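J.: This one is upload33.cif, mmCIF, N, CA and C atoms.
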```
data_entry
loop_
_atom_site.label_atom_id
_atom_site.label_comp_id
_atom_site.auth_asym_id
_atom_site.auth_seq_id
_atom_site.Cartn_x
_atom_site.Cartn_y
_atom_site.Cartn_z
N MET A 626 -7.38 -6.71 12.67
CA MET A 626 -7.14 -5.45 11.99
C MET A 626 -5.75 -5.48 11.37
N GLY A 627 -5.60 -4.81 10.25
CA GLY A 627 -4.32 -4.73 9.58
C GLY A 627 -3.38 -3.78 10.30
N LYS A 628 -2.15 -3.65 9.75
CA LYS A 628 -1.18 -2.72 10.34
C LYS A 628 -0.20 -2.28 9.26
N PHE A 629 0.34 -1.09 9.48
CA PHE A 629 1.43 -0.59 8.66
C PHE A 629 2.74 -0.98 9.33
N VAL A 630 3.64 -1.56 8.57
CA VAL A 630 4.96 -1.92 9.09
C VAL A 630 6.00 -1.09 8.35
N ILE A 631 6.72 -0.27 9.12
CA ILE A 631 7.79 0.54 8.55
C ILE A 631 9.09 -0.20 8.72
N SER A 632 9.85 -0.29 7.64
CA SER A 632 11.12 -1.00 7.68
C SER A 632 12.17 -0.22 6.89
N LEU A 633 13.40 -0.66 7.03
CA LEU A 633 14.53 -0.04 6.35
C LEU A 633 14.99 -0.97 5.24
N ARG A 634 15.09 -0.44 4.03
CA ARG A 634 15.60 -1.22 2.90
C ARG A 634 17.12 -1.34 3.00
N LYS A 635 17.68 -2.25 2.24
CA LYS A 635 19.14 -2.43 2.23
C LYS A 635 19.87 -1.16 1.80
N ASN A 636 19.23 -0.34 0.96
CA ASN A 636 19.87 0.88 0.48
C ASN A 636 19.71 2.06 1.45
N GLY A 637 19.13 1.80 2.64
CA GLY A 637 18.98 2.84 3.65
C GLY A 637 17.69 3.63 3.56
N GLU A 638 16.85 3.33 2.57
CA GLU A 638 15.57 4.02 2.45
C GLU A 638 14.52 3.37 3.36
N PHE A 639 13.56 4.18 3.80
CA PHE A 639 12.44 3.68 4.57
C PHE A 639 11.32 3.29 3.62
N GLN A 640 10.54 2.29 4.00
CA GLN A 640 9.35 1.93 3.24
C GLN A 640 8.30 1.43 4.22
N PHE A 641 7.05 1.42 3.77
CA PHE A 641 6.01 0.79 4.58
C PHE A 641 5.30 -0.27 3.77
N ASN A 642 4.82 -1.27 4.49
CA ASN A 642 3.92 -2.27 3.95
C ASN A 642 2.65 -2.23 4.77
N LEU A 643 1.51 -2.25 4.10
CA LEU A 643 0.24 -2.44 4.79
C LEU A 643 -0.04 -3.93 4.77
N LYS A 644 -0.18 -4.50 5.97
CA LYS A 644 -0.44 -5.93 6.07
C LYS A 644 -1.87 -6.16 6.54
N ALA A 645 -2.52 -7.14 5.93
CA ALA A 645 -3.87 -7.52 6.33
C ALA A 645 -3.80 -8.26 7.67
N THR A 646 -4.93 -8.56 8.24
CA THR A 646 -5.01 -9.26 9.52
C THR A 646 -4.25 -10.58 9.48
N ASN A 647 -4.25 -11.24 8.33
CA ASN A 647 -3.57 -12.54 8.19
C ASN A 647 -2.06 -12.39 7.96
N GLY A 648 -1.56 -11.15 7.96
CA GLY A 648 -0.13 -10.92 7.80
C GLY A 648 0.32 -10.74 6.36
N GLN A 649 -0.58 -10.93 5.41
CA GLN A 649 -0.23 -10.79 3.99
C GLN A 649 -0.07 -9.31 3.64
N VAL A 650 0.98 -9.00 2.87
CA VAL A 650 1.19 -7.62 2.42
C VAL A 650 0.18 -7.29 1.34
N ILE A 651 -0.58 -6.19 1.54
CA ILE A 651 -1.59 -5.81 0.56
C ILE A 651 -1.27 -4.48 -0.13
N LEU A 652 -0.26 -3.75 0.38
CA LEU A 652 0.15 -2.50 -0.26
C LEU A 652 1.58 -2.20 0.17
N THR A 653 2.42 -1.80 -0.79
CA THR A 653 3.83 -1.48 -0.52
C THR A 653 4.13 -0.08 -1.04
N SER A 654 4.91 0.67 -0.27
CA SER A 654 5.26 2.03 -0.67
C SER A 654 6.52 2.06 -1.51
N GLU A 655 6.80 3.23 -2.02
CA GLU A 655 8.09 3.53 -2.62
C GLU A 655 9.11 3.67 -1.49
N GLY A 656 10.35 3.92 -1.85
CA GLY A 656 11.37 4.19 -0.85
C GLY A 656 11.38 5.67 -0.48
N TYR A 657 11.57 5.95 0.81
CA TYR A 657 11.63 7.32 1.30
C TYR A 657 12.99 7.56 1.95
N THR A 658 13.51 8.77 1.80
CA THR A 658 14.83 9.06 2.35
C THR A 658 14.79 9.31 3.86
N THR A 659 13.63 9.69 4.40
CA THR A 659 13.52 9.92 5.85
C THR A 659 12.32 9.17 6.42
N LYS A 660 12.40 8.89 7.71
CA LYS A 660 11.27 8.24 8.38
C LYS A 660 10.06 9.16 8.39
N ALA A 661 10.28 10.46 8.55
CA ALA A 661 9.17 11.42 8.56
C ALA A 661 8.41 11.38 7.24
N ALA A 662 9.14 11.32 6.13
CA ALA A 662 8.47 11.26 4.81
C ALA A 662 7.69 9.96 4.68
N CYS A 663 8.23 8.87 5.20
CA CYS A 663 7.55 7.57 5.18
C CYS A 663 6.25 7.64 5.98
N LEU A 664 6.31 8.26 7.16
CA LEU A 664 5.10 8.41 7.99
C LEU A 664 4.07 9.29 7.30
N ASN A 665 4.51 10.30 6.56
CA ASN A 665 3.58 11.12 5.77
C ASN A 665 2.90 10.26 4.70
N GLY A 666 3.65 9.33 4.10
CA GLY A 666 3.08 8.40 3.13
C GLY A 666 1.99 7.54 3.75
N VAL A 667 2.25 7.05 4.98
CA VAL A 667 1.25 6.26 5.70
C VAL A 667 -0.02 7.08 5.90
N GLU A 668 0.14 8.32 6.34
CA GLU A 668 -1.03 9.19 6.56
C GLU A 668 -1.81 9.42 5.27
N SER A 669 -1.09 9.55 4.17
CA SER A 669 -1.74 9.74 2.87
C SER A 669 -2.55 8.50 2.48
N VAL A 670 -2.00 7.31 2.76
CA VAL A 670 -2.74 6.08 2.49
C VAL A 670 -4.01 6.04 3.34
N LYS A 671 -3.88 6.35 4.62
CA LYS A 671 -5.05 6.33 5.51
C LYS A 671 -6.15 7.26 5.00
N LYS A 672 -5.75 8.42 4.49
CA LYS A 672 -6.70 9.42 4.01
C LYS A 672 -7.33 9.01 2.68
N ASN A 673 -6.55 8.42 1.78
CA ASN A 673 -7.03 8.13 0.42
C ASN A 673 -7.64 6.74 0.25
N ALA A 674 -7.30 5.80 1.12
CA ALA A 674 -7.77 4.41 0.96
C ALA A 674 -9.29 4.25 0.93
N PRO A 675 -10.06 5.04 1.69
CA PRO A 675 -11.52 4.84 1.63
C PRO A 675 -12.16 5.29 0.32
N LEU A 676 -11.41 5.98 -0.53
CA LEU A 676 -11.97 6.56 -1.76
C LEU A 676 -11.68 5.66 -2.95
N GLU A 677 -12.72 4.99 -3.44
CA GLU A 677 -12.55 4.02 -4.51
C GLU A 677 -11.91 4.62 -5.76
N GLU A 678 -12.20 5.90 -6.02
CA GLU A 678 -11.65 6.53 -7.23
C GLU A 678 -10.13 6.76 -7.15
N ARG A 679 -9.53 6.55 -5.99
CA ARG A 679 -8.08 6.71 -5.84
C ARG A 679 -7.31 5.45 -6.26
N PHE A 680 -8.02 4.37 -6.54
CA PHE A 680 -7.37 3.12 -6.93
C PHE A 680 -7.28 3.05 -8.45
N GLU A 681 -6.08 2.80 -8.93
CA GLU A 681 -5.83 2.69 -10.37
C GLU A 681 -5.50 1.22 -10.67
N ILE A 682 -6.33 0.61 -11.48
CA ILE A 682 -6.14 -0.80 -11.84
C ILE A 682 -5.20 -0.89 -13.04
N LYS A 683 -4.20 -1.73 -12.92
CA LYS A 683 -3.16 -1.86 -13.95
C LYS A 683 -2.99 -3.33 -14.32
N GLU A 684 -2.23 -3.55 -15.39
CA GLU A 684 -1.89 -4.92 -15.78
C GLU A 684 -0.39 -4.97 -16.04
N ALA A 685 0.28 -5.94 -15.42
CA ALA A 685 1.72 -6.11 -15.60
C ALA A 685 2.00 -6.69 -16.99
N LYS A 686 3.26 -6.65 -17.37
CA LYS A 686 3.65 -7.19 -18.68
C LYS A 686 3.29 -8.66 -18.82
N ASN A 687 3.26 -9.38 -17.69
CA ASN A 687 2.92 -10.81 -17.74
C ASN A 687 1.41 -11.04 -17.72
N GLY A 688 0.62 -9.96 -17.79
CA GLY A 688 -0.83 -10.09 -17.85
C GLY A 688 -1.52 -10.14 -16.50
N LYS A 689 -0.76 -10.14 -15.42
CA LYS A 689 -1.37 -10.22 -14.09
C LYS A 689 -1.84 -8.83 -13.64
N PRO A 690 -3.04 -8.76 -13.04
CA PRO A 690 -3.55 -7.47 -12.57
C PRO A 690 -2.92 -7.05 -11.24
N PHE A 691 -2.81 -5.74 -11.05
CA PHE A 691 -2.40 -5.16 -9.78
C PHE A 691 -3.00 -3.77 -9.70
N PHE A 692 -2.81 -3.09 -8.58
CA PHE A 692 -3.35 -1.75 -8.46
C PHE A 692 -2.38 -0.82 -7.76
N ASN A 693 -2.55 0.47 -8.04
CA ASN A 693 -1.84 1.53 -7.35
C ASN A 693 -2.87 2.36 -6.60
N LEU A 694 -2.48 2.85 -5.44
CA LEU A 694 -3.29 3.82 -4.71
C LEU A 694 -2.66 5.18 -4.95
N LYS A 695 -3.47 6.13 -5.39
CA LYS A 695 -2.98 7.45 -5.75
C LYS A 695 -3.48 8.50 -4.76
N ALA A 696 -2.65 9.53 -4.55
CA ALA A 696 -3.06 10.67 -3.74
C ALA A 696 -3.91 11.60 -4.60
N SER A 697 -4.48 12.62 -3.98
CA SER A 697 -5.34 13.55 -4.72
C SER A 697 -4.58 14.27 -5.83
N ASN A 698 -3.24 14.38 -5.70
CA ASN A 698 -2.44 15.03 -6.74
C ASN A 698 -2.02 14.08 -7.86
N GLY A 699 -2.48 12.82 -7.77
CA GLY A 699 -2.18 11.84 -8.81
C GLY A 699 -0.92 11.03 -8.57
N GLN A 700 -0.18 11.35 -7.51
CA GLN A 700 1.05 10.62 -7.22
C GLN A 700 0.73 9.26 -6.60
N THR A 701 1.45 8.22 -7.04
CA THR A 701 1.27 6.88 -6.48
C THR A 701 1.86 6.85 -5.07
N ILE A 702 1.06 6.38 -4.11
CA ILE A 702 1.54 6.29 -2.72
C ILE A 702 1.70 4.84 -2.27
N GLY A 703 1.21 3.92 -3.07
CA GLY A 703 1.39 2.51 -2.74
C GLY A 703 0.97 1.64 -3.90
N SER A 704 1.59 0.46 -3.99
CA SER A 704 1.28 -0.49 -5.05
C SER A 704 1.02 -1.86 -4.44
N SER A 705 0.18 -2.62 -5.11
CA SER A 705 -0.14 -3.97 -4.64
C SER A 705 0.83 -4.99 -5.23
N GLN A 706 0.66 -6.20 -4.80
CA GLN A 706 1.34 -7.34 -5.42
C GLN A 706 0.65 -7.64 -6.75
N MET A 707 1.17 -8.57 -7.50
CA MET A 707 0.49 -9.07 -8.69
C MET A 707 -0.52 -10.13 -8.24
N TYR A 708 -1.69 -10.09 -8.83
CA TYR A 708 -2.75 -11.03 -8.47
C TYR A 708 -2.97 -12.05 -9.58
N ALA A 709 -3.50 -13.19 -9.21
CA ALA A 709 -3.77 -14.25 -10.17
C ALA A 709 -4.98 -13.92 -11.05
N SER A 710 -5.92 -13.13 -10.51
CA SER A 710 -7.14 -12.82 -11.27
C SER A 710 -7.64 -11.43 -10.88
N GLU A 711 -8.53 -10.90 -11.69
CA GLU A 711 -9.13 -9.61 -11.37
C GLU A 711 -9.97 -9.71 -10.10
N ARG A 712 -10.62 -10.84 -9.90
CA ARG A 712 -11.44 -11.02 -8.71
C ARG A 712 -10.61 -10.91 -7.43
N THR A 713 -9.46 -11.60 -7.41
CA THR A 713 -8.63 -11.54 -6.20
C THR A 713 -8.00 -10.15 -6.04
N MET A 714 -7.72 -9.47 -7.15
CA MET A 714 -7.20 -8.10 -7.06
C MET A 714 -8.25 -7.18 -6.45
N ARG A 715 -9.49 -7.33 -6.85
CA ARG A 715 -10.57 -6.50 -6.28
C ARG A 715 -10.76 -6.78 -4.79
N GLN A 716 -10.52 -8.02 -4.38
CA GLN A 716 -10.55 -8.33 -2.95
C GLN A 716 -9.42 -7.61 -2.23
N GLY A 717 -8.26 -7.48 -2.90
CA GLY A 717 -7.14 -6.74 -2.34
C GLY A 717 -7.47 -5.28 -2.15
N ILE A 718 -8.13 -4.68 -3.13
CA ILE A 718 -8.56 -3.28 -3.01
C ILE A 718 -9.51 -3.13 -1.83
N ALA A 719 -10.48 -4.03 -1.72
CA ALA A 719 -11.44 -3.98 -0.61
C ALA A 719 -10.72 -4.10 0.73
N SER A 720 -9.69 -4.92 0.77
CA SER A 720 -8.92 -5.11 2.00
C SER A 720 -8.17 -3.83 2.38
N VAL A 721 -7.57 -3.16 1.39
CA VAL A 721 -6.89 -1.88 1.67
C VAL A 721 -7.91 -0.85 2.16
N MET A 722 -9.06 -0.77 1.49
CA MET A 722 -10.09 0.19 1.88
C MET A 722 -10.55 -0.04 3.32
N LYS A 723 -10.63 -1.30 3.72
CA LYS A 723 -11.11 -1.65 5.06
C LYS A 723 -10.03 -1.50 6.12
N ASN A 724 -8.81 -1.95 5.82
CA ASN A 724 -7.75 -2.01 6.83
C ASN A 724 -7.00 -0.71 7.04
N ALA A 725 -6.74 0.04 5.97
CA ALA A 725 -5.83 1.18 6.06
C ALA A 725 -6.27 2.31 7.00
N PRO A 726 -7.53 2.75 6.96
CA PRO A 726 -7.88 3.97 7.72
C PRO A 726 -7.57 3.90 9.22
N GLU A 727 -7.72 2.77 9.84
CA GLU A 727 -7.53 2.66 11.30
C GLU A 727 -6.30 1.85 11.68
N ALA A 728 -5.50 1.44 10.70
CA ALA A 728 -4.37 0.55 10.98
C ALA A 728 -3.29 1.25 11.81
N PRO A 729 -2.81 0.60 12.86
CA PRO A 729 -1.70 1.15 13.63
C PRO A 729 -0.40 1.07 12.85
N VAL A 730 0.59 1.82 13.28
CA VAL A 730 1.91 1.81 12.65
C VAL A 730 2.89 1.12 13.57
N VAL A 731 3.63 0.15 13.02
CA VAL A 731 4.62 -0.61 13.76
C VAL A 731 5.95 -0.40 13.06
N GLU A 732 7.01 -0.16 13.81
CA GLU A 732 8.33 0.00 13.22
C GLU A 732 9.15 -1.28 13.40
N GLU A 733 9.73 -1.74 12.31
CA GLU A 733 10.64 -2.90 12.34
C GLU A 733 11.93 -2.47 11.66
N LEU A 734 12.72 -1.67 12.36
CA LEU A 734 13.89 -1.02 11.77
C LEU A 734 15.19 -1.77 12.08
N ASP A 735 15.12 -2.94 12.67
CA ASP A 735 16.34 -3.67 13.01
C ASP A 735 16.90 -4.42 11.83
#
```
The structure given in the file should be rewritten as structure tokens.

T.:
Amino acid sequence: MGKFVISLRKNGEFQFNLKATNGQVILTSEGYTTKAACLNGVESVKKNAPLEERFEIKEAKNGKPFFNLKASNGQTIGSSQMYASERTMRQGIASVMKNAPEAPVVEELD
């Protein structure tokens, strides 16, 4: 099963990464000023990840596909890495849909 890892950025902001069972990061959050706001972001991902219509497929300037997970209000709550192909990006979406709803939260704030 995947897990959410909460960490502290160099600028003092909190962020979370959703990691797949193999440890690969499949979704990264924005920076949050408080841990409570970061945990709210995790809960939003858990709630929205099962809904396919919440995933927005994008293309980076270099042509590589990636996706954003959006909340019901349209705000981005997490972004993926850049993928080599649309097929592997769709596998990433499937992984978020499968892993996020039940993923435990682990703090790595050191």

J.: For the file shown, what are the residues hit by the PyMOL selection byres ((chain A and resi 676-683) around 5), laid out as number ranges by chain?

T.: A: 673-675, 684-685, 690-695

J.: Got a sec to resolve the PyMOL selection byres ((chain A and resi 628) around 6.5) on this structure and send the residues as a list in words?

T.: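 Applied to this file, the PyMOL selection byres ((chain A and resi 628) around 6.5) selects Met626, Gly627, Phe629, Val630, Asn642, Leu643, Lys644, Ala645, Thr646, Asn724, Ala728, Pro729, Val730 and Val731 of chain A.
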
J.: Using only N, CA and C atoms, determine which residues lie at most 6 Å from A:Leu633, disregarding the query and same-chain residues fewer than 3 positions distant; provide the list as a ChimeraX atom specification.

T.: /A:637-640,733-734

J.: Could you list, as a PyMOL selection string, every residue within 9 Å of A:Glu711, counting only C-alpha atoms and ignoring same-chain residues fewer than 3 positions away?

T.: chain A and resi 689-691+708+714-716

J.: Between atom CA of A:Gly688 and atom CA of A:Ala719, what is the distance in Å, rounded to a tenth?

T.: 21.1 Å

J.: Pick from A:Val670, A:Ile651, A:Ile718, A:Cys663: nearest to A:Ser705, with only N, CA and C atoms counted?

T.: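 Once distances to A:Ser705 are computed over only N, CA and C atoms, the minimum belongs to A:Ile651.
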
J.: By how many Å are atom CA of A:Glu655 and atom CA of A:Thr701 apart?

T.: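 So the answer is 8.5 Å.
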
J.: Apply DSSP to the backbone of this structure and, from chain A, keep only the residues in strand (DSSP E or B); write these as a count of residues only.

T.: 36

J.: Using atom CA of A:Ile702 and atom CA of A:Ser669 as the two end points, give the distance in Å to one decimal.

T.: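 Those two atoms sit 7.3 Å apart.
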
J.: As JSON, please report the centre and edge lengths, rounded to one decimal in Å, of the axis-aligned box that holds all listed atoms of stretch 723-726 of chain A with 5 Å of padding on each of the six sides.

T.:
```
{"center_x": -8.5, "center_y": 1.0, "center_z": 6.5, "size_x": 15.3, "size_y": 16.0, "size_z": 15.5}
```

J.: Could you pull out the alpha helix (DSSP H) residues of stretch 633-732 of chain A, going by DSSP on the backbone, and write them as a PyMOL selection string?

T.: chain A and resi 660-673+711-724

J.: Take the selection from the previous step and output its residues with N, CA and C atoms, as a tab-separated table (two decimals), keeping the file's coordinate frame.

T.:
```tsv
chain	number	residue	atom	x	y	z
A	660	LYS	N	12.40	8.89	7.71
A	660	LYS	CA	11.27	8.24	8.38
A	660	LYS	C	10.06	9.16	8.39
A	661	ALA	N	10.28	10.46	8.55
A	661	ALA	CA	9.17	11.42	8.56
A	661	ALA	C	8.41	11.38	7.24
A	662	ALA	N	9.14	11.32	6.13
A	662	ALA	CA	8.47	11.26	4.81
A	662	ALA	C	7.69	9.96	4.68
A	663	CYS	N	8.23	8.87	5.20
A	663	CYS	CA	7.55	7.57	5.18
A	663	CYS	C	6.25	7.64	5.98
A	664	LEU	N	6.31	8.26	7.16
A	664	LEU	CA	5.10	8.41	7.99
A	664	LEU	C	4.07	9.29	7.30
A	665	ASN	N	4.51	10.30	6.56
A	665	ASN	CA	3.58	11.12	5.77
A	665	ASN	C	2.90	10.26	4.70
A	666	GLY	N	3.65	9.33	4.10
A	666	GLY	CA	3.08	8.40	3.13
A	666	GLY	C	1.99	7.54	3.75
A	667	VAL	N	2.25	7.05	4.98
A	667	VAL	CA	1.25	6.26	5.70
A	667	VAL	C	-0.02	7.08	5.90
A	668	GLU	N	0.14	8.32	6.34
A	668	GLU	CA	-1.03	9.19	6.56
A	668	GLU	C	-1.81	9.42	5.27
A	669	SER	N	-1.09	9.55	4.17
A	669	SER	CA	-1.74	9.74	2.87
A	669	SER	C	-2.55	8.50	2.48
A	670	VAL	N	-2.00	7.31	2.76
A	670	VAL	CA	-2.74	6.08	2.49
A	670	VAL	C	-4.01	6.04	3.34
A	671	LYS	N	-3.88	6.35	4.62
A	671	LYS	CA	-5.05	6.33	5.51
A	671	LYS	C	-6.15	7.26	5.00
A	672	LYS	N	-5.75	8.42	4.49
A	672	LYS	CA	-6.70	9.42	4.01
A	672	LYS	C	-7.33	9.01	2.68
A	673	ASN	N	-6.55	8.42	1.78
A	673	ASN	CA	-7.03	8.13	0.42
A	673	ASN	C	-7.64	6.74	0.25
A	711	GLU	N	-8.53	-10.90	-11.69
A	711	GLU	CA	-9.13	-9.61	-11.37
A	711	GLU	C	-9.97	-9.71	-10.10
A	712	ARG	N	-10.62	-10.84	-9.90
A	712	ARG	CA	-11.44	-11.02	-8.71
A	712	ARG	C	-10.61	-10.91	-7.43
A	713	THR	N	-9.46	-11.60	-7.41
A	713	THR	CA	-8.63	-11.54	-6.20
A	713	THR	C	-8.00	-10.15	-6.04
A	714	MET	N	-7.72	-9.47	-7.15
A	714	MET	CA	-7.20	-8.10	-7.06
A	714	MET	C	-8.25	-7.18	-6.45
A	715	ARG	N	-9.49	-7.33	-6.85
A	715	ARG	CA	-10.57	-6.50	-6.28
A	715	ARG	C	-10.76	-6.78	-4.79
A	716	GLN	N	-10.52	-8.02	-4.38
A	716	GLN	CA	-10.55	-8.33	-2.95
A	716	GLN	C	-9.42	-7.61	-2.23
A	717	GLY	N	-8.26	-7.48	-2.90
A	717	GLY	CA	-7.14	-6.74	-2.34
A	717	GLY	C	-7.47	-5.28	-2.15
A	718	ILE	N	-8.13	-4.68	-3.13
A	718	ILE	CA	-8.56	-3.28	-3.01
A	718	ILE	C	-9.51	-3.13	-1.83
A	719	ALA	N	-10.48	-4.03	-1.72
A	719	ALA	CA	-11.44	-3.98	-0.61
A	719	ALA	C	-10.72	-4.10	0.73
A	720	SER	N	-9.69	-4.92	0.77
A	720	SER	CA	-8.92	-5.11	2.00
A	720	SER	C	-8.17	-3.83	2.38
A	721	VAL	N	-7.57	-3.16	1.39
A	721	VAL	CA	-6.89	-1.88	1.67
A	721	VAL	C	-7.91	-0.85	2.16
A	722	MET	N	-9.06	-0.77	1.49
A	722	MET	CA	-10.09	0.19	1.88
A	722	MET	C	-10.55	-0.04	3.32
A	723	LYS	N	-10.63	-1.30	3.72
A	723	LYS	CA	-11.11	-1.65	5.06
A	723	LYS	C	-10.03	-1.50	6.12
A	724	ASN	N	-8.81	-1.95	5.82
A	724	ASN	CA	-7.75	-2.01	6.83
A	724	ASN	C	-7.00	-0.71	7.04
```
